[in-house]
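Step one of this worksheet: look at the structure below.
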Amino acid sequence: MLELDCGFPFDLTHADDFFSALPPRPAVCLIELRDETAEPLLIRTQDLCRRLQRLLGPPDPTSKRLNLREVARGIRYRLTGSRFEQIFTYYLHAKEVFPSRYQKLMRLRPPAVLKVSLRNAYPRCYVTRRVAVDDSGAPTAGAYYGPFASRRSAEAFASSALDFFKVRRCQIKIRRDPSFPGCIYSEMKMCLAPCFAGCTKGDYDVEVQRLVQFLDTSGGSLRNSFEQEREAASEQLDFERASALHKKIEKLDDALRGSPELPRRIQDLNAVILQRSAEEQTIAVYAVRGGWLAEPSLVRFAEIAGQPRSAEHIFREHLEGSAGRPQENSSSAVTPKRDALSEHLWLVARWYYSSPREGEIFFHEKDWPYRRILRGCSRLLAPPASPSAQ
């Protein structure tokens, strides 16, 4: 765990020495109380010294602000080098200290994802915030795609993507009744209409697999299919069909243009997040594997010059070995794995969609992009440009 590795006892007779020892830096801090049955206070702050002076300093009799000067026993804290580290550290310790209410404390809400429920005989694609997982912590009972910045953005993407497929959008129970009148989508030829037996079960399954493959490849499979059909039509001198397929490709590109890089099949959400560490010339490396977020590994560039290993070798050890693998896949008595995976997705999505976004992220496609990762480290370690240089 990202331990609260610093701390001091709090004594009213030596309060001045206590405050002078506190660094004016971002941190996560746990204030412990003298009454062992009392609940401690967990805070995150951008200035530890100033925040604790408010909480433990002489109280203002005219103010109703919380003051723990008379009841505090001591503090434990951890300096943080980025907002991402601060939120992740706060999450881990809030989960340990307040297991029954940490979600409410953090205003934690699972992010929106798309689900194609493969357990249904006639699946549809819809937006949900619940991700079912198996015993190993991997998503199950369907294909999940995300996370998105909001439910609205997930619904907008689903709407534009489903225009290329004839998968049902209704929520009715399919009975394959020929007397059923159908819905507006079947009237517009935007659905294979399994509700009134407008297609066979096999035809519908093929269409669903095309949709799943589209989501798996972020649209690449459908674009390649359109391009191959367009080339075949051109070779057969069927220019009218080639022109229609070209318009479909343009429509697909418009639907995918501007889409964030983060949403993908949850099992394939493998990435590395780079953040500045509280230590000088040090990068905190967070591995994301299958949507699970691992605790960071520190790469101290000031020490690399004196080591026989290169920085790339250190990254390879961390990303390809077992050191950077998440630990939430093991059984947890505090949080069900389903909720734990959703919480990890929330942590990643909250940082990714923040503005401005601190740090760097690199996704694993066929391999880890080590050269790009090292260049990202250089950008994070570079001193900020002075106003005169701009």
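Residues are referred to by chain and number: the chain letter is A, B, ... according to the order shown in the structure tokens, the number counts from 1 in that chain, and ligands are numbered separately from 1 in the order shown.
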
Skipping near chain neighbours, those fewer than 6 positions away, what residues fall within 9 Å of Val131 (chain A) using only C-alpha atoms, listed as a compact mmCIF listing (two decimals) with N, CA and C atoms, in the first residue's frame?
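Contents of the output file selection_38.txt:
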```txt
# COMPACT_ATOMS: atom_id res chain seq x y z
N VAL A 113 -20.06 2.44 -18.81
CA VAL A 113 -19.47 1.56 -19.81
C VAL A 113 -20.60 1.02 -20.69
N LYS A 115 -22.24 -2.28 -22.50
CA LYS A 115 -22.28 -3.73 -22.29
C LYS A 115 -23.09 -4.40 -23.39
N PRO A 139 -13.86 -9.33 -16.20
CA PRO A 139 -15.28 -9.12 -16.54
C PRO A 139 -15.89 -10.35 -17.20
N THR A 140 -17.15 -10.61 -16.87
CA THR A 140 -17.83 -11.78 -17.40
C THR A 140 -19.27 -11.41 -17.72
N ALA A 141 -20.02 -12.38 -18.27
CA ALA A 141 -21.44 -12.22 -18.60
C ALA A 141 -21.67 -11.22 -19.72
N TYR A 144 -17.71 -5.74 -22.22
CA TYR A 144 -17.78 -4.40 -21.64
C TYR A 144 -16.78 -3.49 -22.35
N ARG A 338 -16.47 -7.08 -8.01
CA ARG A 338 -17.19 -6.28 -8.99
C ARG A 338 -17.05 -4.80 -8.67
N ASP A 339 -17.30 -4.44 -7.40
CA ASP A 339 -17.20 -3.04 -7.01
C ASP A 339 -15.76 -2.56 -7.06
N LEU A 341 -13.33 -3.51 -9.10
CA LEU A 341 -12.95 -3.21 -10.48
C LEU A 341 -13.57 -1.90 -10.93
N SER A 342 -14.84 -1.67 -10.59
CA SER A 342 -15.49 -0.40 -10.95
C SER A 342 -14.79 0.78 -10.30
```

Shell of 8 Å around Leu245 (chain A), only C-alpha atoms, local chain residues under 2 positions omitted, as a ChimeraX atom specification: /A:226-227,229-230,241-243,247-249

With C-alpha atoms retained, export the selected residues as a tab-separated table (two decimals), in the first residue's frame.
```
chain	number	residue	atom	x	y	z
A	226	PHE	CA	-15.76	-1.47	-45.80
A	227	GLU	CA	-12.41	-0.81	-47.48
A	229	GLU	CA	-15.71	-4.22	-50.14
A	230	ARG	CA	-14.98	-0.86	-51.76
A	241	ARG	CA	-21.56	0.64	-54.88
A	242	ALA	CA	-17.95	1.79	-54.37
A	243	SER	CA	-19.19	5.35	-53.90
A	247	LYS	CA	-19.64	7.41	-47.92
A	248	LYS	CA	-20.05	4.75	-45.23
A	249	ILE	CA	-16.33	4.97	-44.46
```

Quick one: residues within 10 Å of Ala161 (chain A), only C-alpha atoms, excluding same-chain residues fewer than 4 positions away - as a VMD selection string? chain A and resid 125 155 to 157 165 211 214 to 215 219 252 255 to 256

Write out, as an mmCIF file, in the first residue's frame, the residues just selected, with all heavy atoms.
```cif
data_model
loop_
_atom_site.group_PDB
_atom_site.id
_atom_site.type_symbol
_atom_site.label_atom_id
_atom_site.label_comp_id
_atom_site.auth_asym_id
_atom_site.auth_seq_id
_atom_site.Cartn_x
_atom_site.Cartn_y
_atom_site.Cartn_z
ATOM 1 N N CYS A 125 -26.896 -3.737 -27.034
ATOM 2 C CA CYS A 125 -25.814 -2.911 -26.479
ATOM 3 C C CYS A 125 -26.439 -1.761 -25.692
ATOM 4 O O CYS A 125 -27.273 -1.023 -26.223
ATOM 5 C CB CYS A 125 -24.937 -2.381 -27.614
ATOM 6 S SG CYS A 125 -23.548 -1.364 -27.057
ATOM 7 N N GLU A 155 -23.766 7.056 -24.214
ATOM 8 C CA GLU A 155 -24.969 6.890 -25.020
ATOM 9 C C GLU A 155 -24.782 7.486 -26.411
ATOM 10 O O GLU A 155 -25.264 6.916 -27.403
ATOM 11 C CB GLU A 155 -26.161 7.544 -24.316
ATOM 12 C CG GLU A 155 -26.612 6.801 -23.061
ATOM 13 C CD GLU A 155 -27.680 7.537 -22.291
ATOM 14 O OE1 GLU A 155 -27.850 8.752 -22.544
ATOM 15 O OE2 GLU A 155 -28.346 6.915 -21.440
ATOM 16 N N ALA A 156 -24.074 8.618 -26.509
ATOM 17 C CA ALA A 156 -23.831 9.231 -27.817
ATOM 18 C C ALA A 156 -22.972 8.320 -28.689
ATOM 19 O O ALA A 156 -23.236 8.151 -29.887
ATOM 20 C CB ALA A 156 -23.162 10.589 -27.638
ATOM 21 N N PHE A 157 -21.932 7.722 -28.091
ATOM 22 C CA PHE A 157 -21.076 6.813 -28.860
ATOM 23 C C PHE A 157 -21.867 5.576 -29.293
ATOM 24 O O PHE A 157 -21.759 5.125 -30.432
ATOM 25 C CB PHE A 157 -19.867 6.397 -28.035
ATOM 26 C CG PHE A 157 -18.955 5.437 -28.750
ATOM 27 C CD1 PHE A 157 -17.975 5.900 -29.614
ATOM 28 C CD2 PHE A 157 -19.081 4.065 -28.566
ATOM 29 C CE1 PHE A 157 -17.147 5.015 -30.288
ATOM 30 C CE2 PHE A 157 -18.259 3.178 -29.224
ATOM 31 C CZ PHE A 157 -17.285 3.657 -30.091
ATOM 32 N N PHE A 165 -25.009 -1.202 -37.469
ATOM 33 C CA PHE A 165 -25.376 -2.590 -37.183
ATOM 34 C C PHE A 165 -26.891 -2.689 -37.010
ATOM 35 O O PHE A 165 -27.555 -1.710 -36.656
ATOM 36 C CB PHE A 165 -24.669 -3.097 -35.916
ATOM 37 C CG PHE A 165 -23.177 -2.997 -35.987
ATOM 38 C CD1 PHE A 165 -22.516 -1.874 -35.487
ATOM 39 C CD2 PHE A 165 -22.435 -4.011 -36.566
ATOM 40 C CE1 PHE A 165 -21.148 -1.783 -35.550
ATOM 41 C CE2 PHE A 165 -21.055 -3.922 -36.642
ATOM 42 C CZ PHE A 165 -20.411 -2.800 -36.135
ATOM 43 N N LEU A 211 -20.678 -6.579 -34.078
ATOM 44 C CA LEU A 211 -20.672 -5.436 -33.158
ATOM 45 C C LEU A 211 -19.587 -5.594 -32.099
ATOM 46 O O LEU A 211 -18.855 -4.639 -31.803
ATOM 47 C CB LEU A 211 -22.047 -5.300 -32.496
ATOM 48 C CG LEU A 211 -22.161 -4.272 -31.365
ATOM 49 C CD1 LEU A 211 -21.839 -2.869 -31.874
ATOM 50 C CD2 LEU A 211 -23.561 -4.320 -30.737
ATOM 51 N N PHE A 214 -16.298 -4.938 -33.573
ATOM 52 C CA PHE A 214 -16.161 -3.488 -33.776
ATOM 53 C C PHE A 214 -15.689 -2.810 -32.494
ATOM 54 O O PHE A 214 -14.779 -1.975 -32.509
ATOM 55 C CB PHE A 214 -17.509 -2.923 -34.229
ATOM 56 C CG PHE A 214 -17.580 -1.414 -34.246
ATOM 57 C CD1 PHE A 214 -17.166 -0.702 -35.353
ATOM 58 C CD2 PHE A 214 -18.070 -0.714 -33.148
ATOM 59 C CE1 PHE A 214 -17.239 0.680 -35.377
ATOM 60 C CE2 PHE A 214 -18.148 0.667 -33.158
ATOM 61 C CZ PHE A 214 -17.725 1.367 -34.283
ATOM 62 N N LEU A 215 -16.300 -3.163 -31.360
ATOM 63 C CA LEU A 215 -15.907 -2.580 -30.085
ATOM 64 C C LEU A 215 -14.502 -3.022 -29.677
ATOM 65 O O LEU A 215 -13.731 -2.236 -29.132
ATOM 66 C CB LEU A 215 -16.919 -2.950 -29.001
ATOM 67 C CG LEU A 215 -18.349 -2.426 -29.199
ATOM 68 C CD1 LEU A 215 -19.263 -2.948 -28.101
ATOM 69 C CD2 LEU A 215 -18.369 -0.904 -29.246
ATOM 70 N N GLY A 219 -13.463 0.132 -33.825
ATOM 71 C CA GLY A 219 -13.956 0.482 -35.154
ATOM 72 C C GLY A 219 -13.097 -0.005 -36.290
ATOM 73 O O GLY A 219 -13.500 0.086 -37.458
ATOM 74 N N LEU A 252 -18.334 6.578 -40.850
ATOM 75 C CA LEU A 252 -17.680 5.883 -39.743
ATOM 76 C C LEU A 252 -16.554 6.722 -39.162
ATOM 77 O O LEU A 252 -16.407 6.826 -37.935
ATOM 78 C CB LEU A 252 -17.150 4.534 -40.212
ATOM 79 C CG LEU A 252 -16.355 3.707 -39.188
ATOM 80 C CD1 LEU A 252 -17.238 3.365 -37.994
ATOM 81 C CD2 LEU A 252 -15.815 2.441 -39.824
ATOM 82 N N ALA A 255 -17.924 9.361 -37.001
ATOM 83 C CA ALA A 255 -18.400 8.836 -35.713
ATOM 84 C C ALA A 255 -17.253 8.575 -34.754
ATOM 85 O O ALA A 255 -17.389 8.755 -33.536
ATOM 86 C CB ALA A 255 -19.200 7.557 -35.932
ATOM 87 N N LEU A 256 -16.111 8.154 -35.294
ATOM 88 C CA LEU A 256 -14.960 7.820 -34.444
ATOM 89 C C LEU A 256 -14.048 9.001 -34.197
ATOM 90 O O LEU A 256 -13.242 8.977 -33.269
ATOM 91 C CB LEU A 256 -14.152 6.682 -35.088
ATOM 92 C CG LEU A 256 -14.887 5.347 -35.264
ATOM 93 C CD1 LEU A 256 -13.999 4.356 -36.001
ATOM 94 C CD2 LEU A 256 -15.307 4.780 -33.921
#
```

Run DSSP on the backbone and tell me which residues of region 19-256 of chain A come out as strand (DSSP E or B); list them as a PyMOL selection string. chain A and resi 27-33+41-45+72-79+113-116+125-128+133+139+143-146

Quick one: residues within 12 Å of Pro23 (chain A), only C-alpha atoms, excluding same-chain residues fewer than 3 positions away - as a PDB file with N, CA, C and O atoms, in the first residue's frame?
```pdb
ATOM      1  N   CYS A   6       5.258   9.034   7.135  1.00  0.00           N
ATOM      2  CA  CYS A   6       5.795  10.078   8.027  1.00  0.00           C
ATOM      3  C   CYS A   6       4.765  10.355   9.119  1.00  0.00           C
ATOM      4  O   CYS A   6       3.572  10.115   8.937  1.00  0.00           O
ATOM      5  N   GLY A   7       5.244  10.855  10.239  1.00  0.00           N
ATOM      6  CA  GLY A   7       4.303  11.163  11.310  1.00  0.00           C
ATOM      7  C   GLY A   7       4.966  11.749  12.532  1.00  0.00           C
ATOM      8  O   GLY A   7       6.188  11.612  12.725  1.00  0.00           O
ATOM      9  N   PHE A  18       6.026  21.339  16.485  1.00  0.00           N
ATOM     10  CA  PHE A  18       5.240  20.438  15.629  1.00  0.00           C
ATOM     11  C   PHE A  18       4.944  21.097  14.288  1.00  0.00           C
ATOM     12  O   PHE A  18       5.183  20.511  13.221  1.00  0.00           O
ATOM     13  N   PHE A  19       4.450  22.328  14.312  1.00  0.00           N
ATOM     14  CA  PHE A  19       4.083  23.003  13.063  1.00  0.00           C
ATOM     15  C   PHE A  19       5.314  23.366  12.224  1.00  0.00           C
ATOM     16  O   PHE A  19       5.261  23.341  10.999  1.00  0.00           O
ATOM     17  N   SER A  20       6.409  23.692  12.874  1.00  0.00           N
ATOM     18  CA  SER A  20       7.621  24.051  12.121  1.00  0.00           C
ATOM     19  C   SER A  20       8.216  22.851  11.395  1.00  0.00           C
ATOM     20  O   SER A  20       8.950  23.021  10.412  1.00  0.00           O
ATOM     21  N   PRO A  26       1.811  19.147  -0.833  1.00  0.00           N
ATOM     22  CA  PRO A  26       0.615  18.293  -0.943  1.00  0.00           C
ATOM     23  C   PRO A  26       0.818  16.968  -0.207  1.00  0.00           C
ATOM     24  O   PRO A  26       1.915  16.395  -0.227  1.00  0.00           O
ATOM     25  N   ALA A  27      -0.239  16.475   0.410  1.00  0.00           N
ATOM     26  CA  ALA A  27      -0.121  15.244   1.198  1.00  0.00           C
ATOM     27  C   ALA A  27      -1.488  14.659   1.481  1.00  0.00           C
ATOM     28  O   ALA A  27      -2.523  15.325   1.343  1.00  0.00           O
ATOM     29  N   THR A  45      -4.704  17.327   1.104  1.00  0.00           N
ATOM     30  CA  THR A  45      -4.506  18.765   1.066  1.00  0.00           C
ATOM     31  C   THR A  45      -3.357  19.128   0.148  1.00  0.00           C
ATOM     32  O   THR A  45      -2.460  18.304  -0.094  1.00  0.00           O
ATOM     33  N   GLN A  46      -3.377  20.342  -0.359  1.00  0.00           N
ATOM     34  CA  GLN A  46      -2.287  20.846  -1.198  1.00  0.00           C
ATOM     35  C   GLN A  46      -1.212  21.541  -0.371  1.00  0.00           C
ATOM     36  O   GLN A  46      -0.129  21.834  -0.885  1.00  0.00           O
ATOM     37  N   ASP A  47      -1.497  21.826   0.894  1.00  0.00           N
ATOM     38  CA  ASP A  47      -0.512  22.452   1.777  1.00  0.00           C
ATOM     39  C   ASP A  47      -0.714  21.860   3.176  1.00  0.00           C
ATOM     40  O   ASP A  47      -1.592  22.294   3.923  1.00  0.00           O
ATOM     41  N   LEU A  48       0.097  20.874   3.513  1.00  0.00           N
ATOM     42  CA  LEU A  48      -0.079  20.155   4.776  1.00  0.00           C
ATOM     43  C   LEU A  48       0.080  21.070   5.974  1.00  0.00           C
ATOM     44  O   LEU A  48      -0.709  21.013   6.914  1.00  0.00           O
ATOM     45  N   CYS A  49       1.086  21.912   5.953  1.00  0.00           N
ATOM     46  CA  CYS A  49       1.347  22.791   7.096  1.00  0.00           C
ATOM     47  C   CYS A  49       0.185  23.739   7.344  1.00  0.00           C
ATOM     48  O   CYS A  49      -0.307  23.864   8.474  1.00  0.00           O
ATOM     49  N   ARG A  50      -0.300  24.381   6.302  1.00  0.00           N
ATOM     50  CA  ARG A  50      -1.386  25.342   6.468  1.00  0.00           C
ATOM     51  C   ARG A  50      -2.680  24.658   6.917  1.00  0.00           C
ATOM     52  O   ARG A  50      -3.399  25.168   7.782  1.00  0.00           O
ATOM     53  N   ARG A  51      -2.971  23.479   6.340  1.00  0.00           N
ATOM     54  CA  ARG A  51      -4.212  22.785   6.695  1.00  0.00           C
ATOM     55  C   ARG A  51      -4.200  22.337   8.151  1.00  0.00           C
ATOM     56  O   ARG A  51      -5.201  22.458   8.871  1.00  0.00           O
ATOM     57  N   LEU A  52      -3.060  21.822   8.628  1.00  0.00           N
ATOM     58  CA  LEU A  52      -3.002  21.363  10.019  1.00  0.00           C
ATOM     59  C   LEU A  52      -2.969  22.530  10.998  1.00  0.00           C
ATOM     60  O   LEU A  52      -3.416  22.386  12.146  1.00  0.00           O
ATOM     61  N   GLN A  53      -2.475  23.664  10.578  1.00  0.00           N
ATOM     62  CA  GLN A  53      -2.551  24.836  11.450  1.00  0.00           C
ATOM     63  C   GLN A  53      -3.999  25.244  11.678  1.00  0.00           C
ATOM     64  O   GLN A  53      -4.362  25.740  12.751  1.00  0.00           O
ATOM     65  N   TYR A  77       1.255  10.857   7.754  1.00  0.00           N
ATOM     66  CA  TYR A  77       0.978  11.448   6.445  1.00  0.00           C
ATOM     67  C   TYR A  77       1.936  10.914   5.392  1.00  0.00           C
ATOM     68  O   TYR A  77       2.961  10.298   5.698  1.00  0.00           O
ATOM     69  N   ARG A  78       1.569  11.177   4.154  1.00  0.00           N
ATOM     70  CA  ARG A  78       2.414  10.828   3.008  1.00  0.00           C
ATOM     71  C   ARG A  78       2.416  12.005   2.048  1.00  0.00           C
ATOM     72  O   ARG A  78       1.352  12.488   1.636  1.00  0.00           O
ATOM     73  N   LEU A  79       3.599  12.487   1.700  1.00  0.00           N
ATOM     74  CA  LEU A  79       3.709  13.539   0.695  1.00  0.00           C
ATOM     75  C   LEU A  79       3.405  12.951  -0.673  1.00  0.00           C
ATOM     76  O   LEU A  79       3.803  11.828  -0.994  1.00  0.00           O
ATOM     77  N   THR A  80       2.696  13.709  -1.499  1.00  0.00           N
ATOM     78  CA  THR A  80       2.300  13.231  -2.823  1.00  0.00           C
ATOM     79  C   THR A  80       2.836  14.175  -3.890  1.00  0.00           C
ATOM     80  O   THR A  80       2.860  15.389  -3.707  1.00  0.00           O
ATOM     81  N   ALA A 278       6.861  12.642  -5.362  1.00  0.00           N
ATOM     82  CA  ALA A 278       7.261  13.654  -4.382  1.00  0.00           C
ATOM     83  C   ALA A 278       8.780  13.739  -4.263  1.00  0.00           C
ATOM     84  O   ALA A 278       9.315  14.766  -3.834  1.00  0.00           O
TER      85      ALA A 278
END
```

Determine, for each residue of region 99-205 of chain A having at least one atom at most 9 Å from an atom of region 349-367 of chain A, the closest pair of atoms and their separation in Å to one decimal, counting only C-alpha atoms; order by chain and ascending number, as a Markdown table.
```
| residue | atom | partner | partner_atom | distance |
| --- | --- | --- | --- | --- |
| A:Pro111 | CA | A:Ala349 | CA | 7.2 |
| A:Pro147 | CA | A:Ala349 | CA | 6.4 |
| A:Phe148 | CA | A:Ala349 | CA | 7.2 |
| A:Ala149 | CA | A:Tyr353 | CA | 6.1 |
```

With all heavy atoms retained, write the just-selected residues as an mmCIF file, in the first residue's frame.
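Result file follows (result-v8.cif):
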```
data_model
loop_
_atom_site.group_PDB
_atom_site.id
_atom_site.type_symbol
_atom_site.label_atom_id
_atom_site.label_comp_id
_atom_site.auth_asym_id
_atom_site.auth_seq_id
_atom_site.Cartn_x
_atom_site.Cartn_y
_atom_site.Cartn_z
ATOM 1 N N PRO A 111 -17.899 4.467 -13.307
ATOM 2 C CA PRO A 111 -18.034 5.143 -14.601
ATOM 3 C C PRO A 111 -18.975 4.390 -15.532
ATOM 4 O O PRO A 111 -19.260 3.201 -15.346
ATOM 5 C CB PRO A 111 -16.595 5.132 -15.140
ATOM 6 C CG PRO A 111 -15.982 3.920 -14.514
ATOM 7 C CD PRO A 111 -16.590 3.806 -13.146
ATOM 8 N N PRO A 147 -13.849 2.863 -19.925
ATOM 9 C CA PRO A 147 -14.913 3.713 -19.384
ATOM 10 C C PRO A 147 -15.047 5.020 -20.147
ATOM 11 O O PRO A 147 -14.089 5.488 -20.768
ATOM 12 C CB PRO A 147 -14.439 3.961 -17.949
ATOM 13 C CG PRO A 147 -12.938 3.950 -18.064
ATOM 14 C CD PRO A 147 -12.609 2.932 -19.109
ATOM 15 N N PHE A 148 -16.242 5.620 -20.062
ATOM 16 C CA PHE A 148 -16.518 6.896 -20.711
ATOM 17 C C PHE A 148 -16.542 8.015 -19.662
ATOM 18 O O PHE A 148 -16.651 7.760 -18.460
ATOM 19 C CB PHE A 148 -17.855 6.841 -21.439
ATOM 20 C CG PHE A 148 -17.836 5.960 -22.662
ATOM 21 C CD1 PHE A 148 -18.100 4.600 -22.559
ATOM 22 C CD2 PHE A 148 -17.542 6.490 -23.908
ATOM 23 C CE1 PHE A 148 -18.080 3.789 -23.681
ATOM 24 C CE2 PHE A 148 -17.513 5.685 -25.037
ATOM 25 C CZ PHE A 148 -17.780 4.324 -24.925
ATOM 26 N N ALA A 149 -16.465 9.241 -20.161
ATOM 27 C CA ALA A 149 -16.447 10.386 -19.251
ATOM 28 C C ALA A 149 -17.779 10.558 -18.530
ATOM 29 O O ALA A 149 -17.814 11.017 -17.388
ATOM 30 C CB ALA A 149 -16.102 11.658 -20.036
#
```

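Within 12 Å of Gly142 (chain A), once only C-alpha atoms are used and residues closer than 4 positions along the same chain are dropped, the contacting residues are A:Val113, A:Leu114, A:Lys115, A:Val116, A:Ser117, A:Leu118, A:Arg119, A:Asn120, A:Ala121, A:Pro123, A:Arg124, A:Cys125, A:Tyr126, A:Thr128, A:Arg130, A:Val131, A:Ala132, A:Val133, A:Asp134, A:Ala138, A:Val208, A:Gln209, A:Val212, A:Arg265, A:Ile266, A:Gln267.
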
Selection above as a file: N, CA, C and O atoms, as an mmCIF file, in the first residue's frame:
```cif
data_model
loop_
_atom_site.group_PDB
_atom_site.id
_atom_site.type_symbol
_atom_site.label_atom_id
_atom_site.label_comp_id
_atom_site.auth_asym_id
_atom_site.auth_seq_id
_atom_site.Cartn_x
_atom_site.Cartn_y
_atom_site.Cartn_z
ATOM 1 N N VAL A 113 -20.061 2.443 -18.806
ATOM 2 C CA VAL A 113 -19.474 1.561 -19.808
ATOM 3 C C VAL A 113 -20.598 1.023 -20.685
ATOM 4 O O VAL A 113 -21.770 1.046 -20.304
ATOM 5 N N LEU A 114 -20.230 0.551 -21.874
ATOM 6 C CA LEU A 114 -21.182 -0.130 -22.745
ATOM 7 C C LEU A 114 -21.104 -1.625 -22.485
ATOM 8 O O LEU A 114 -20.014 -2.166 -22.295
ATOM 9 N N LYS A 115 -22.243 -2.282 -22.499
ATOM 10 C CA LYS A 115 -22.284 -3.732 -22.286
ATOM 11 C C LYS A 115 -23.094 -4.403 -23.386
ATOM 12 O O LYS A 115 -24.185 -3.940 -23.733
ATOM 13 N N VAL A 116 -22.532 -5.456 -23.925
ATOM 14 C CA VAL A 116 -23.275 -6.354 -24.808
ATOM 15 C C VAL A 116 -23.463 -7.634 -24.014
ATOM 16 O O VAL A 116 -22.532 -8.419 -23.845
ATOM 17 N N SER A 117 -24.667 -7.843 -23.485
ATOM 18 C CA SER A 117 -24.937 -8.965 -22.590
ATOM 19 C C SER A 117 -25.076 -10.248 -23.397
ATOM 20 O O SER A 117 -26.116 -10.500 -24.020
ATOM 21 N N LEU A 118 -24.040 -11.066 -23.406
ATOM 22 C CA LEU A 118 -24.033 -12.288 -24.202
ATOM 23 C C LEU A 118 -24.833 -13.408 -23.555
ATOM 24 O O LEU A 118 -24.997 -14.475 -24.155
ATOM 25 N N ARG A 119 -25.327 -13.201 -22.333
ATOM 26 C CA ARG A 119 -26.177 -14.209 -21.693
ATOM 27 C C ARG A 119 -27.598 -14.177 -22.241
ATOM 28 O O ARG A 119 -28.344 -15.127 -22.101
ATOM 29 N N ASN A 120 -27.978 -13.048 -22.820
ATOM 30 C CA ASN A 120 -29.303 -12.922 -23.406
ATOM 31 C C ASN A 120 -29.328 -13.625 -24.761
ATOM 32 O O ASN A 120 -28.359 -13.586 -25.512
ATOM 33 N N ALA A 121 -30.443 -14.281 -25.068
ATOM 34 C CA ALA A 121 -30.548 -14.981 -26.353
ATOM 35 C C ALA A 121 -30.442 -14.018 -27.524
ATOM 36 O O ALA A 121 -29.888 -14.371 -28.576
ATOM 37 N N PRO A 123 -28.924 -10.462 -27.668
ATOM 38 C CA PRO A 123 -28.253 -9.377 -26.940
ATOM 39 C C PRO A 123 -28.493 -8.010 -27.569
ATOM 40 O O PRO A 123 -28.775 -7.886 -28.759
ATOM 41 N N ARG A 124 -28.369 -6.995 -26.732
ATOM 42 C CA ARG A 124 -28.373 -5.613 -27.188
ATOM 43 C C ARG A 124 -27.224 -4.878 -26.523
ATOM 44 O O ARG A 124 -26.652 -5.361 -25.536
ATOM 45 N N CYS A 125 -26.896 -3.737 -27.034
ATOM 46 C CA CYS A 125 -25.814 -2.911 -26.479
ATOM 47 C C CYS A 125 -26.439 -1.761 -25.692
ATOM 48 O O CYS A 125 -27.273 -1.023 -26.223
ATOM 49 N N TYR A 126 -26.038 -1.617 -24.436
ATOM 50 C CA TYR A 126 -26.631 -0.573 -23.604
ATOM 51 C C TYR A 126 -25.590 -0.047 -22.606
ATOM 52 O O TYR A 126 -24.540 -0.652 -22.389
ATOM 53 N N THR A 128 -24.272 0.921 -18.871
ATOM 54 C CA THR A 128 -24.432 0.472 -17.491
ATOM 55 C C THR A 128 -23.261 0.970 -16.665
ATOM 56 O O THR A 128 -22.247 1.415 -17.208
ATOM 57 N N ARG A 130 -22.465 -1.168 -13.938
ATOM 58 C CA ARG A 130 -22.171 -2.391 -13.206
ATOM 59 C C ARG A 130 -21.389 -3.333 -14.118
ATOM 60 O O ARG A 130 -21.811 -3.609 -15.238
ATOM 61 N N VAL A 131 -20.257 -3.818 -13.621
ATOM 62 C CA VAL A 131 -19.412 -4.747 -14.377
ATOM 63 C C VAL A 131 -19.316 -6.039 -13.578
ATOM 64 O O VAL A 131 -18.710 -6.073 -12.501
ATOM 65 N N ALA A 132 -19.911 -7.112 -14.095
ATOM 66 C CA ALA A 132 -19.822 -8.416 -13.430
ATOM 67 C C ALA A 132 -18.440 -9.014 -13.673
ATOM 68 O O ALA A 132 -17.879 -8.867 -14.758
ATOM 69 N N VAL A 133 -17.877 -9.659 -12.657
ATOM 70 C CA VAL A 133 -16.549 -10.264 -12.781
ATOM 71 C C VAL A 133 -16.600 -11.703 -12.290
ATOM 72 O O VAL A 133 -17.472 -12.087 -11.504
ATOM 73 N N ASP A 134 -15.628 -12.502 -12.746
ATOM 74 C CA ASP A 134 -15.528 -13.875 -12.290
ATOM 75 C C ASP A 134 -14.588 -13.964 -11.092
ATOM 76 O O ASP A 134 -14.163 -12.942 -10.538
ATOM 77 N N ALA A 138 -11.835 -10.942 -13.706
ATOM 78 C CA ALA A 138 -12.017 -10.543 -15.102
ATOM 79 C C ALA A 138 -13.502 -10.337 -15.386
ATOM 80 O O ALA A 138 -14.352 -11.079 -14.877
ATOM 81 N N VAL A 208 -24.378 -9.656 -33.939
ATOM 82 C CA VAL A 208 -23.869 -9.307 -32.614
ATOM 83 C C VAL A 208 -22.357 -9.469 -32.567
ATOM 84 O O VAL A 208 -21.643 -8.620 -32.008
ATOM 85 N N GLN A 209 -21.824 -10.528 -33.153
ATOM 86 C CA GLN A 209 -20.376 -10.732 -33.170
ATOM 87 C C GLN A 209 -19.672 -9.651 -33.971
ATOM 88 O O GLN A 209 -18.559 -9.251 -33.625
ATOM 89 N N VAL A 212 -19.474 -6.785 -31.518
ATOM 90 C CA VAL A 212 -18.454 -7.026 -30.499
ATOM 91 C C VAL A 212 -17.060 -6.830 -31.084
ATOM 92 O O VAL A 212 -16.185 -6.230 -30.455
ATOM 93 N N ARG A 265 -12.319 -2.423 -24.786
ATOM 94 C CA ARG A 265 -12.821 -3.561 -24.028
ATOM 95 C C ARG A 265 -12.065 -3.643 -22.712
ATOM 96 O O ARG A 265 -10.837 -3.547 -22.686
ATOM 97 N N ILE A 266 -12.799 -3.787 -21.613
ATOM 98 C CA ILE A 266 -12.188 -3.694 -20.288
ATOM 99 C C ILE A 266 -11.051 -4.691 -20.125
ATOM 100 O O ILE A 266 -10.008 -4.368 -19.553
ATOM 101 N N GLN A 267 -11.208 -5.911 -20.651
ATOM 102 C CA GLN A 267 -10.134 -6.899 -20.537
ATOM 103 C C GLN A 267 -8.857 -6.441 -21.235
ATOM 104 O O GLN A 267 -7.755 -6.861 -20.884
#
```

Considering only C-alpha atoms, return as JSON, numbers by chain whatever protein or nucleic-acid residues lie within 6 Å of region 62-73 of chain A, sequence-local ones (same chain, fewer than 4 positions apart) excluded. {"A": [10, 32, 33, 34, 55, 56]}
